[in-house]
file final.pdb (PDB, C-alpha atoms and all ligand atoms)
ATOM      1  CA  MET G   1     -32.651 -29.862 -52.466
ATOM      2  CA  HIS G   2     -34.507 -26.829 -51.038
ATOM      3  CA  GLU G   3     -36.213 -28.966 -48.396
ATOM      4  CA  GLN G   4     -32.935 -30.727 -47.677
ATOM      5  CA  ILE G   5     -31.198 -27.425 -46.914
ATOM      6  CA  LYS G   6     -34.044 -26.286 -44.683
ATOM      7  CA  ASN G   7     -33.865 -29.499 -42.656
ATOM      8  CA  ILE G   8     -30.147 -29.314 -41.910
ATOM      9  CA  ASN G   9     -29.380 -28.450 -38.283
ATOM     10  CA  THR G  10     -25.619 -28.249 -38.030
ATOM     11  CA  LEU G  11     -23.056 -26.059 -39.720
ATOM     12  CA  GLU G  12     -20.939 -29.119 -40.531
ATOM     13  CA  GLU G  13     -23.742 -30.806 -42.494
ATOM     14  CA  LEU G  14     -24.568 -27.567 -44.249
ATOM     15  CA  GLN G  15     -20.940 -27.116 -45.221
ATOM     16  CA  ALA G  16     -20.837 -30.694 -46.583
ATOM     17  CA  LEU G  17     -23.898 -30.140 -48.747
ATOM     18  CA  TYR G  18     -22.545 -26.808 -49.947
ATOM     19  CA  THR G  19     -19.286 -28.462 -51.004
ATOM     20  CA  ALA G  20     -21.212 -31.240 -52.776
ATOM     21  CA  THR G  21     -23.147 -28.533 -54.624
ATOM     22  CA  TYR G  22     -20.695 -25.704 -55.234
ATOM     23  CA  GLY G  23     -17.294 -27.356 -54.613
ATOM     24  CA  LYS G  24     -14.865 -28.225 -57.413
ATOM     25  CA  ASN G  25     -16.804 -31.382 -58.256
ATOM     26  CA  GLY G  26     -20.126 -30.035 -57.083
ATOM     27  CA  THR G  27     -23.375 -30.718 -58.940
ATOM     28  CA  MET G  28     -24.174 -27.060 -59.476
ATOM     29  CA  THR G  29     -20.595 -26.274 -60.447
ATOM     30  CA  ALA G  30     -20.875 -28.854 -63.235
ATOM     31  CA  ARG G  31     -24.210 -27.524 -64.443
ATOM     32  CA  LEU G  32     -22.994 -23.930 -64.420
ATOM     33  CA  ARG G  33     -19.918 -24.982 -66.353
ATOM     34  CA  ASP G  34     -22.216 -26.447 -69.080
ATOM     35  CA  MET G  35     -24.442 -23.404 -69.197
ATOM     36  CA  LYS G  36     -23.033 -22.314 -72.536
ATOM     37  CA  ASN G  37     -24.742 -25.323 -74.143
ATOM     38  CA  LEU G  38     -28.177 -24.336 -72.894
ATOM     39  CA  ASP G  39     -30.770 -22.312 -74.752
ATOM     40  CA  ASN G  40     -31.761 -18.941 -73.391
ATOM     41  CA  ASP G  41     -34.766 -20.109 -71.363
ATOM     42  CA  ALA G  42     -32.899 -22.965 -69.721
ATOM     43  CA  ARG G  43     -30.022 -20.606 -68.988
ATOM     44  CA  ALA G  44     -32.340 -18.112 -67.280
ATOM     45  CA  ALA G  45     -33.932 -20.910 -65.268
ATOM     46  CA  LEU G  46     -30.523 -22.145 -64.106
ATOM     47  CA  ASN G  47     -29.477 -18.645 -63.087
ATOM     48  CA  THR G  48     -32.621 -18.267 -61.019
ATOM     49  CA  GLU G  49     -32.123 -21.646 -59.413
ATOM     50  CA  ASN G  50     -28.508 -20.795 -58.673
ATOM     51  CA  ALA G  51     -29.460 -17.519 -56.986
ATOM     52  CA  THR G  52     -32.231 -19.206 -54.964
ATOM     53  CA  LEU G  53     -29.945 -21.980 -53.800
ATOM     54  CA  ARG G  54     -27.195 -19.590 -52.717
ATOM     55  CA  GLU G  55     -29.732 -17.522 -50.842
ATOM     56  CA  LEU G  56     -31.069 -20.649 -49.120
ATOM     57  CA  PHE G  57     -27.590 -21.715 -48.014
ATOM     58  CA  LYS G  58     -26.900 -18.221 -46.676
ATOM     59  CA  THR G  59     -30.188 -17.989 -44.802
ATOM     60  CA  ARG G  60     -29.840 -21.451 -43.295
ATOM     61  CA  GLN G  61     -26.279 -20.705 -42.169
ATOM     62  CA  ALA G  62     -27.454 -17.549 -40.388
ATOM     63  CA  GLU G  63     -30.329 -19.452 -38.791
ATOM     64  CA  ILE G  64     -28.083 -22.231 -37.500
ATOM     65  CA  GLU G  65     -25.473 -19.760 -36.173
ATOM     66  CA  ASN G  66     -28.188 -17.856 -34.382
ATOM     67  CA  ALA G  67     -29.574 -21.071 -32.864
ATOM     68  CA  VAL G  68     -26.117 -22.036 -31.600
ATOM     69  CA  LEU G  69     -25.689 -18.570 -30.056
ATOM     70  CA  MET G  70     -29.095 -18.671 -28.401
ATOM     71  CA  ALA G  71     -28.433 -22.153 -26.987
ATOM     72  CA  GLY G  72     -25.163 -20.848 -25.493
ATOM     73  CA  LEU G  73     -26.875 -17.837 -23.951
ATOM     74  CA  GLN G  74     -29.617 -20.027 -22.589
ATOM     75  CA  LYS G  75     -27.037 -22.086 -20.735
ATOM     76  CA  GLN G  76     -25.457 -18.971 -19.197
ATOM     77  CA  LYS G  77     -28.767 -17.513 -18.195
ATOM     78  CA  LEU G  78     -28.494 -15.101 -15.271
ATOM     79  CA  ASP G  79     -30.913 -15.440 -12.443
ATOM     80  CA  MET G  80     -31.589 -11.814 -11.584
ATOM     81  CA  SER G  81     -33.622 -12.815  -8.538
ATOM     82  CA  LEU G  82     -30.594 -14.253  -6.682
ATOM     83  CA  ASN G  83     -29.144 -12.214  -3.837
ATOM     84  CA  PRO G  84     -25.697 -10.845  -4.708
ATOM     85  CA  GLU G  85     -22.574 -12.142  -2.917
ATOM     86  CA  PRO G  86     -21.723  -9.793  -0.056
ATOM     87  CA  GLU G  87     -19.089  -7.290  -1.168
ATOM     88  CA  ASN G  88     -15.620  -7.253   0.367
ATOM     89  CA  ARG G  89     -15.374  -3.946   2.107
ATOM     90  CA  GLY G  90     -12.026  -2.221   2.295
ATOM     91  CA  THR G  91     -10.741  -0.916   5.597
ATOM     92  CA  LEU G  92      -7.993   1.466   6.555
ATOM     93  CA  HIS G  93      -4.541  -0.143   6.700
ATOM     94  CA  PRO G  94      -3.568  -1.094  10.284
ATOM     95  CA  LEU G  95      -0.712   1.413  10.191
ATOM     96  CA  THR G  96      -3.075   4.164   9.127
ATOM     97  CA  GLN G  97      -5.490   3.197  11.909
ATOM     98  CA  SER G  98      -2.663   3.195  14.390
ATOM     99  CA  LEU G  99      -1.447   6.610  13.189
ATOM    100  CA  SER G 100      -4.891   8.135  13.642
ATOM    101  CA  GLU G 101      -4.996   6.851  17.214
ATOM    102  CA  ILE G 102      -1.476   8.072  17.984
ATOM    103  CA  SER G 103      -1.943  11.495  16.424
ATOM    104  CA  ALA G 104      -5.314  12.019  18.101
ATOM    105  CA  ILE G 105      -3.676  11.453  21.490
ATOM    106  CA  LEU G 106      -0.655  13.672  20.795
ATOM    107  CA  GLU G 107      -2.863  16.415  19.379
ATOM    108  CA  SER G 108      -5.030  16.299  22.486
ATOM    109  CA  PHE G 109      -1.805  17.023  24.453
ATOM    110  CA  GLY G 110      -1.167  20.114  22.286
ATOM    111  CA  TYR G 111       1.398  18.663  19.859
ATOM    112  CA  THR G 112       0.922  19.605  16.203
ATOM    113  CA  MET G 113       1.662  17.240  13.339
ATOM    114  CA  HIS G 114       4.598  17.866  11.005
ATOM    115  CA  THR G 115       6.053  16.008   8.043
ATOM    116  CA  GLY G 116       9.263  16.367   6.052
ATOM    117  CA  PRO G 117      11.019  15.044   2.955
ATOM    118  CA  GLU G 118      11.972  11.363   2.750
ATOM    119  CA  ILE G 119      15.163  12.266   0.898
ATOM    120  CA  GLU G 120      16.998  14.361   3.435
ATOM    121  CA  ASP G 121      20.157  16.369   3.262
ATOM    122  CA  ASP G 122      23.067  15.733   5.548
ATOM    123  CA  TRP G 123      22.319  18.790   7.667
ATOM    124  CA  HIS G 124      18.811  17.794   8.750
ATOM    125  CA  ASN G 125      19.401  14.058   9.099
ATOM    126  CA  PHE G 126      22.796  14.226  10.857
ATOM    127  CA  THR G 127      24.793  17.413  11.282
ATOM    128  CA  ALA G 128      22.155  19.620  12.887
ATOM    129  CA  LEU G 129      21.326  16.674  15.148
ATOM    130  CA  ASN G 130      24.812  16.967  16.612
ATOM    131  CA  THR G 131      25.993  13.997  14.552
ATOM    132  CA  PRO G 132      28.985  15.369  12.605
ATOM    133  CA  LEU G 133      30.703  13.551   9.737
ATOM    134  CA  HIS G 134      33.114  11.514  11.842
ATOM    135  CA  HIS G 135      30.432  10.487  14.331
ATOM    136  CA  PRO G 136      30.048   6.722  14.818
ATOM    137  CA  ALA G 137      26.240   7.042  14.959
ATOM    138  CA  ARG G 138      26.310   7.507  11.189
ATOM    139  CA  ASP G 139      27.601   3.951  10.760
ATOM    140  CA  MET G 140      25.338   2.672  13.490
ATOM    141  CA  GLN G 141      22.361   3.489  11.357
ATOM    142  CA  ASP G 142      23.350   1.720   8.146
ATOM    143  CA  SER G 143      22.051   4.500   5.986
ATOM    144  CA  PHE G 144      21.058   4.495   2.327
ATOM    145  CA  PHE G 145      23.151   7.311   0.870
ATOM    146  CA  LEU G 146      22.477   8.852  -2.524
ATOM    147  CA  GLU G 147      25.275   9.750  -4.933
ATOM    148  CA  ASN G 148      24.784  13.463  -4.324
ATOM    149  CA  GLY G 149      25.412  13.031  -0.581
ATOM    150  CA  ASN G 150      21.752  13.122   0.399
ATOM    151  CA  VAL G 151      20.303  10.231   2.355
ATOM    152  CA  LEU G 152      16.989   8.390   2.631
ATOM    153  CA  ARG G 153      15.868   9.783   5.987
ATOM    154  CA  THR G 154      17.115   7.400   8.693
ATOM    155  CA  GLN G 155      15.123   9.025  11.503
ATOM    156  CA  THR G 156      12.182  11.374  11.869
ATOM    157  CA  SER G 157      14.422  13.403  14.198
ATOM    158  CA  ALA G 158      15.199  15.325  10.990
ATOM    159  CA  ILE G 159      11.651  16.711  11.149
ATOM    160  CA  GLN G 160      12.283  18.338  14.555
ATOM    161  CA  ILE G 161      15.165  20.283  12.989
ATOM    162  CA  ARG G 162      12.893  21.495  10.164
ATOM    163  CA  ALA G 163      10.238  22.486  12.716
ATOM    164  CA  MET G 164      12.684  24.540  14.787
ATOM    165  CA  GLU G 165      14.049  26.200  11.649
ATOM    166  CA  SER G 166      10.646  27.190  10.327
ATOM    167  CA  GLU G 167       8.850  28.128  13.540
ATOM    168  CA  SER G 168       9.729  30.201  16.525
ATOM    169  CA  VAL G 169       9.872  28.820  20.040
ATOM    170  CA  PRO G 170       7.956  27.681  22.043
ATOM    171  CA  ILE G 171       7.321  24.613  19.863
ATOM    172  CA  LYS G 172       5.284  21.514  20.644
ATOM    173  CA  MET G 173       5.245  19.243  17.623
ATOM    174  CA  PHE G 174       5.384  15.683  16.456
ATOM    175  CA  GLY G 175       6.847  14.502  13.162
ATOM    176  CA  ILE G 176       5.614  11.430  11.372
ATOM    177  CA  GLY G 177       6.966   9.582   8.389
ATOM    178  CA  SER G 178       8.799   6.750   6.693
ATOM    179  CA  THR G 179      12.392   6.078   7.594
ATOM    180  CA  TYR G 180      14.958   3.872   5.856
ATOM    181  CA  ARG G 181      17.787   1.668   7.068
ATOM    182  CA  LYS G 182      19.627  -1.325   5.690
ATOM    183  CA  GLU G 183      18.047  -4.011   7.843
ATOM    184  CA  MET G 184      15.545  -6.770   7.237
ATOM    185  CA  ASP G 185      14.134  -9.478   9.514
ATOM    186  CA  ALA G 186      10.869 -10.191  11.332
ATOM    187  CA  THR G 187      11.137  -7.049  13.445
ATOM    188  CA  HIS G 188      13.028  -4.833  10.980
ATOM    189  CA  SER G 189      12.073  -3.645   7.534
ATOM    190  CA  PRO G 190      14.295  -1.437   5.308
ATOM    191  CA  MET G 191      11.393   1.019   5.246
ATOM    192  CA  PHE G 192       9.547   1.602   8.481
ATOM    193  CA  HIS G 193       7.798   4.454  10.237
ATOM    194  CA  GLN G 194       8.776   6.657  13.103
ATOM    195  CA  ILE G 195       7.174   9.315  15.207
ATOM    196  CA  GLU G 196       9.179  12.038  16.814
ATOM    197  CA  GLY G 197       7.997  14.340  19.567
ATOM    198  CA  LEU G 198       9.540  17.685  20.476
ATOM    199  CA  TYR G 199       8.607  20.218  23.124
ATOM    200  CA  ILE G 200      10.728  23.356  23.503
ATOM    201  CA  ASP G 201       9.852  26.043  26.016
ATOM    202  CA  LYS G 202      11.229  27.737  29.082
ATOM    203  CA  ASN G 203      11.674  25.511  32.144
ATOM    204  CA  ILE G 204      10.941  22.181  30.454
ATOM    205  CA  THR G 205      12.328  19.262  32.425
ATOM    206  CA  MET G 206      12.777  15.527  32.206
ATOM    207  CA  SER G 207       9.678  15.022  34.392
ATOM    208  CA  ASP G 208       7.555  16.798  31.758
ATOM    209  CA  LEU G 209       8.911  14.310  29.243
ATOM    210  CA  ILE G 210       8.144  11.278  31.367
ATOM    211  CA  ALA G 211       4.692  12.573  32.265
ATOM    212  CA  ASP G 212       3.733  13.059  28.601
ATOM    213  CA  VAL G 213       5.148   9.685  27.558
ATOM    214  CA  ARG G 214       3.364   7.938  30.417
ATOM    215  CA  ALA G 215       0.042   9.588  29.582
ATOM    216  CA  PHE G 216       0.499   8.839  25.893
ATOM    217  CA  LEU G 217       1.329   5.131  26.340
ATOM    218  CA  SER G 218      -1.407   4.691  28.890
ATOM    219  CA  ARG G 219      -4.009   6.143  26.498
ATOM    220  CA  TYR G 220      -2.704   4.288  23.425
ATOM    221  CA  PHE G 221      -2.639   0.850  25.059
ATOM    222  CA  GLY G 222      -5.654   1.497  27.278
ATOM    223  CA  ILE G 223      -3.744   0.590  30.482
ATOM    224  CA  ASP G 224      -4.432   2.766  33.525
ATOM    225  CA  ASN G 225      -1.503   1.951  35.781
ATOM    226  CA  ILE G 226       1.167   1.682  33.177
ATOM    227  CA  GLU G 227       4.628   0.702  34.483
ATOM    228  CA  LEU G 228       7.641   2.311  32.858
ATOM    229  CA  ARG G 229      11.360   1.708  33.288
ATOM    230  CA  ILE G 230      13.731   4.561  32.487
ATOM    231  CA  ARG G 231      17.268   3.556  31.489
ATOM    232  CA  PRO G 232      20.187   5.870  30.769
ATOM    233  CA  SER G 233      21.192   5.722  27.110
ATOM    234  CA  TYR G 234      23.059   7.642  24.463
ATOM    235  CA  PHE G 235      21.861   9.645  21.475
ATOM    236  CA  PRO G 236      23.984  12.429  19.957
ATOM    237  CA  PHE G 237      21.053  14.860  19.886
ATOM    238  CA  THR G 238      19.948  14.542  23.515
ATOM    239  CA  ASP G 239      21.707  15.018  26.832
ATOM    240  CA  PRO G 240      20.902  13.314  29.082
ATOM    241  CA  SER G 241      19.502  10.520  26.923
ATOM    242  CA  ILE G 242      17.197   7.807  28.127
ATOM    243  CA  GLU G 243      15.425   4.737  26.870
ATOM    244  CA  ILE G 244      11.893   4.010  28.029
ATOM    245  CA  ASP G 245      10.666   0.444  28.564
ATOM    246  CA  LEU G 246       7.108  -0.632  29.161
ATOM    247  CA  LYS G 247       6.030  -3.549  31.388
ATOM    248  CA  TRP G 248       3.987  -5.828  29.160
ATOM    249  CA  GLN G 249       1.796  -8.854  29.778
ATOM    250  CA  GLY G 250       3.654 -11.585  31.658
ATOM    251  CA  GLY G 251       5.917  -9.022  33.317
ATOM    252  CA  LYS G 252       8.153  -8.695  30.262
ATOM    253  CA  TRP G 253       9.921  -5.347  29.743
ATOM    254  CA  LEU G 254       9.643  -3.994  26.196
ATOM    255  CA  GLU G 255      11.855  -1.283  24.817
ATOM    256  CA  ILE G 256       9.491   1.366  23.474
ATOM    257  CA  MET G 257      11.333   4.566  22.704
ATOM    258  CA  GLY G 258      14.421   6.696  22.909
ATOM    259  CA  ALA G 259      14.188  10.159  24.414
ATOM    260  CA  GLY G 260      16.024  12.847  26.285
ATOM    261  CA  MET G 261      16.611  16.546  26.819
ATOM    262  CA  VAL G 262      17.466  18.235  23.529
ATOM    263  CA  HIS G 263      21.244  18.774  23.315
ATOM    264  CA  PRO G 264      22.251  22.472  23.532
ATOM    265  CA  ASN G 265      24.174  22.072  20.253
ATOM    266  CA  VAL G 266      20.964  21.051  18.485
ATOM    267  CA  LEU G 267      19.156  24.096  19.839
ATOM    268  CA  ARG G 268      22.022  26.344  18.785
ATOM    269  CA  ASN G 269      22.084  24.768  15.298
ATOM    270  CA  CYS G 270      18.451  25.791  14.900
ATOM    271  CA  GLY G 271      18.901  29.324  16.209
ATOM    272  CA  VAL G 272      17.411  28.659  19.656
ATOM    273  CA  ASN G 273      19.258  30.023  22.689
ATOM    274  CA  PRO G 274      19.896  27.085  25.065
ATOM    275  CA  ASP G 275      20.382  29.425  28.012
ATOM    276  CA  GLU G 276      16.800  30.559  27.632
ATOM    277  CA  TYR G 277      15.010  27.513  26.286
ATOM    278  CA  GLN G 278      15.150  23.819  27.018
ATOM    279  CA  GLY G 279      13.170  20.972  25.640
ATOM    280  CA  PHE G 280      12.725  17.281  25.339
ATOM    281  CA  ALA G 281      12.455  14.963  22.369
ATOM    282  CA  PHE G 282      11.338  11.389  21.976
ATOM    283  CA  GLY G 283      11.237   8.995  19.071
ATOM    284  CA  PHE G 284       9.677   5.605  18.491
ATOM    285  CA  GLY G 285       8.768   3.113  15.799
ATOM    286  CA  TRP G 286       5.147   3.547  14.943
ATOM    287  CA  ASP G 287       5.016   0.103  13.269
ATOM    288  CA  ARG G 288       6.284  -1.443  16.500
ATOM    289  CA  LEU G 289       3.622   0.256  18.555
ATOM    290  CA  ALA G 290       0.968  -1.003  16.139
ATOM    291  CA  MET G 291       2.415  -4.551  16.269
ATOM    292  CA  LEU G 292       2.239  -4.577  20.060
ATOM    293  CA  LYS G 293      -1.276  -3.227  20.182
ATOM    294  CA  TYR G 294      -2.664  -5.592  17.563
ATOM    295  CA  GLY G 295      -0.569  -8.640  18.558
ATOM    296  CA  LEU G 296       1.325  -8.926  15.261
ATOM    297  CA  ASN G 297       4.742 -10.519  15.114
ATOM    298  CA  ASP G 298       6.178  -9.774  11.675
ATOM    299  CA  ILE G 299       6.676  -6.170  10.577
ATOM    300  CA  ARG G 300       7.029  -7.202   6.916
ATOM    301  CA  GLN G 301       3.372  -8.223   6.775
ATOM    302  CA  PHE G 302       2.388  -4.570   6.983
ATOM    303  CA  TYR G 303       3.871  -4.040   3.540
ATOM    304  CA  ASP G 304       2.812  -7.241   1.741
ATOM    305  CA  SER G 305      -0.735  -6.030   1.054
ATOM    306  CA  ASP G 306      -2.019  -9.587   1.511
ATOM    307  CA  VAL G 307      -5.763  -9.248   1.990
ATOM    308  CA  ARG G 308      -5.971 -12.735   3.599
ATOM    309  CA  TRP G 309      -3.538 -11.581   6.301
ATOM    310  CA  LEU G 310      -5.452  -8.348   6.844
ATOM    311  CA  ASN G 311      -8.711 -10.280   7.202
ATOM    312  CA  LYS G 312      -7.187 -12.822   9.574
ATOM    313  CA  ALA G 313      -5.651 -10.069  11.668
ATOM    314  CA  GLY G 314      -9.147  -8.627  11.974
ATOM    315  CA  PHE G 315      -8.656  -5.359  10.089
TER     316      PHE G 315
HETATM  317  N1  LIG G 401      16.183   8.987  16.282
HETATM  318  C1  LIG G 401      16.316   7.875  17.201
HETATM  319  C2  LIG G 401      16.373   6.571  16.402
HETATM  320  O1  LIG G 401      16.024   6.583  15.281
HETATM  321  C3  LIG G 401      15.155   7.817  18.136
HETATM  322  C4  LIG G 401      15.201   8.919  19.121
HETATM  323  C5  LIG G 401      15.896   8.777  20.286
HETATM  324  C6  LIG G 401      14.568  10.120  18.884
HETATM  325  C7  LIG G 401      15.955   9.759  21.231
HETATM  326  C8  LIG G 401      14.626  11.148  19.809
HETATM  327  C9  LIG G 401      15.335  10.938  20.981
HETATM  328  O2  LIG G 401      14.048  12.299  19.637
HETATM  329  O3  LIG G 401      15.378  11.952  21.893
HETATM  330  O4  LIG G 401      16.759   5.584  16.904
END

call {"tool": "encode", "arguments": {"input": "final.pdb", "output": "structure tokens", "more": "lines below"}}
Ligand code: DAH
result
Amino acid sequence: MHEQIKNINTLEELQALYTATYGKNGTMTARLRDMKNLDNDARAALNTENATLRELFKTRQAEIENAVLMAGLQKQKLDMSLNPEPENRGTLHPLTQSLSEISAILESFGYTMHTGPEIEDDWHNFTALNTPLHHPARDMQDSFFLENGNVLRTQTSAIQIRAMESESVPIKMFGIGSTYRKEMDATHSPMFHQIEGLYIDKNITMSDLIADVRAFLSRYFGIDNIELRIRPSYFPFTDPSIEIDLKWQGGKWLEIMGAGMVHPNVLRNCGVNPDEYQGFAFGFGWDRLAMLKYGLNDIRQFYDSDVRWLNKAGF
């Protein structure tokens, strides 16, 4: 029996022998049951044999389990001499890259960066921007209103109001941030990003505006002789208001930004005397500028966080 146990190599066989020995009808079970009929010496001998056998079963079980474990580990053996797979390196999100390029250019022109809250009050998002309650521009923008009357900022123009309220003129700033509107298709996302420029000083004119915009677009897109088209437009917070188009590859005109001379009511609302100071403002979609530069056609991809797309787009 002792040799038999030592020669078993699988847990199943060991279990079978154990049952045949110690199970209900097992050989040892029967002998132990009859122990009361044995004399003292025979009883002691049986006890010793019983203890030895149990010990043997236990030892063999541990040995087999260990062998199974070792065989498993052997199969999974790691080859420490192999070169590791190259790591996937993260990069900055294309919008972040685009923002650093845009802000570096605007800062080099003397504009300073500002931010503001994404949940805006009516004053900063509309009223101070010469867009009173009854104004149709409020519908135009399909805003997300909150129950308390606040709104998810529909335009970074709100940041120019905050800048004029907190700083004294002259001011040369740009506001950056997320903006929200109820729209969704390949070129519109309910959350998108805008950049707003504002320059208030004495004797600022429309030609200063166009010169800065031209220099900015030329630097951002890396085109020396950039062609712009200026169209009259309407925004409540500027007068006159214009829209600026850019001549793109293939001679196509692309609408790039809205702009204009800051409306005297807006200046007054922020405590600036319009008889002394004038200024211009411009606003554009920063996502759109990034899409044009990097040749992307669906704004929603910016927000999907799909690494395959980012890799394919070369970021
Ligand atoms: N806030 C405008 C929009 O969201 C963009 C804009 C137009 C900003 C003209 C300006 C501006 O500062 O002068 O559509």

call {"tool": "residues_near_ligand", "arguments": {"input": "final.pdb", "ligand": "ligand LIG 401 (chain G)", "cutoff": "6 Å", "atoms": "all atoms listed in the file", "output": "PyMOL selection string"}}
result
chain G and resi 155+157+196+235+238+258-260+281-284

call {"tool": "resolve_selection", "arguments": {"input": "final.pdb", "expression": "the PyMOL selection byres (((chain G and resi 172-187) around 7) and not hetatm)", "output": "MDAnalysis selection string"}}
result
chainID G and resid 110:115 118 141:144 152:156 159:160 170:171 188:200 298:300

call {"tool": "closest_residue", "arguments": {"input": "final.pdb", "among": "G:Phe57, G:Trp248, G:Tyr294, G:Tyr234", "to": "Glu3 in chain G", "atoms": "only C-alpha atoms"}}
result
G:Phe57

call {"tool": "resolve_selection", "arguments": {"input": "final.pdb", "expression": "the PyMOL selection byres (((chain G and resi 61) around 12) and not hetatm)", "output": "list of chain:residue names"}}
result
G:Ile5, G:Lys6, G:Asn7, G:Ile8, G:Asn9, G:Thr10, G:Leu11, G:Glu12, G:Glu13, G:Leu14, G:Gln15, G:Leu17, G:Tyr18, G:Arg54, G:Glu55, G:Leu56, G:Phe57, G:Lys58, G:Thr59, G:Arg60, G:Ala62, G:Glu63, G:Ile64, G:Glu65, G:Asn66, G:Ala67, G:Val68

call {"tool": "closest_residue", "arguments": {"input": "final.pdb", "among": "G:Ser98, G:Ile242, G:Gly285, G:Pro236", "to": "Arg138 in chain G", "atoms": "all atoms listed in the file"}}
result
G:Pro236

call {"tool": "atom_distance", "arguments": {"input": "final.pdb", "atom1": "CA of Arg219 in chain G", "atom2": "CA of Ile105 in chain G"}}
result
7.3 Å

call {"tool": "atom_distance", "arguments": {"input": "final.pdb", "atom1": "CA of Ala42 in chain G", "atom2": "CA of Tyr22 in chain G"}}
result
19.1 Å
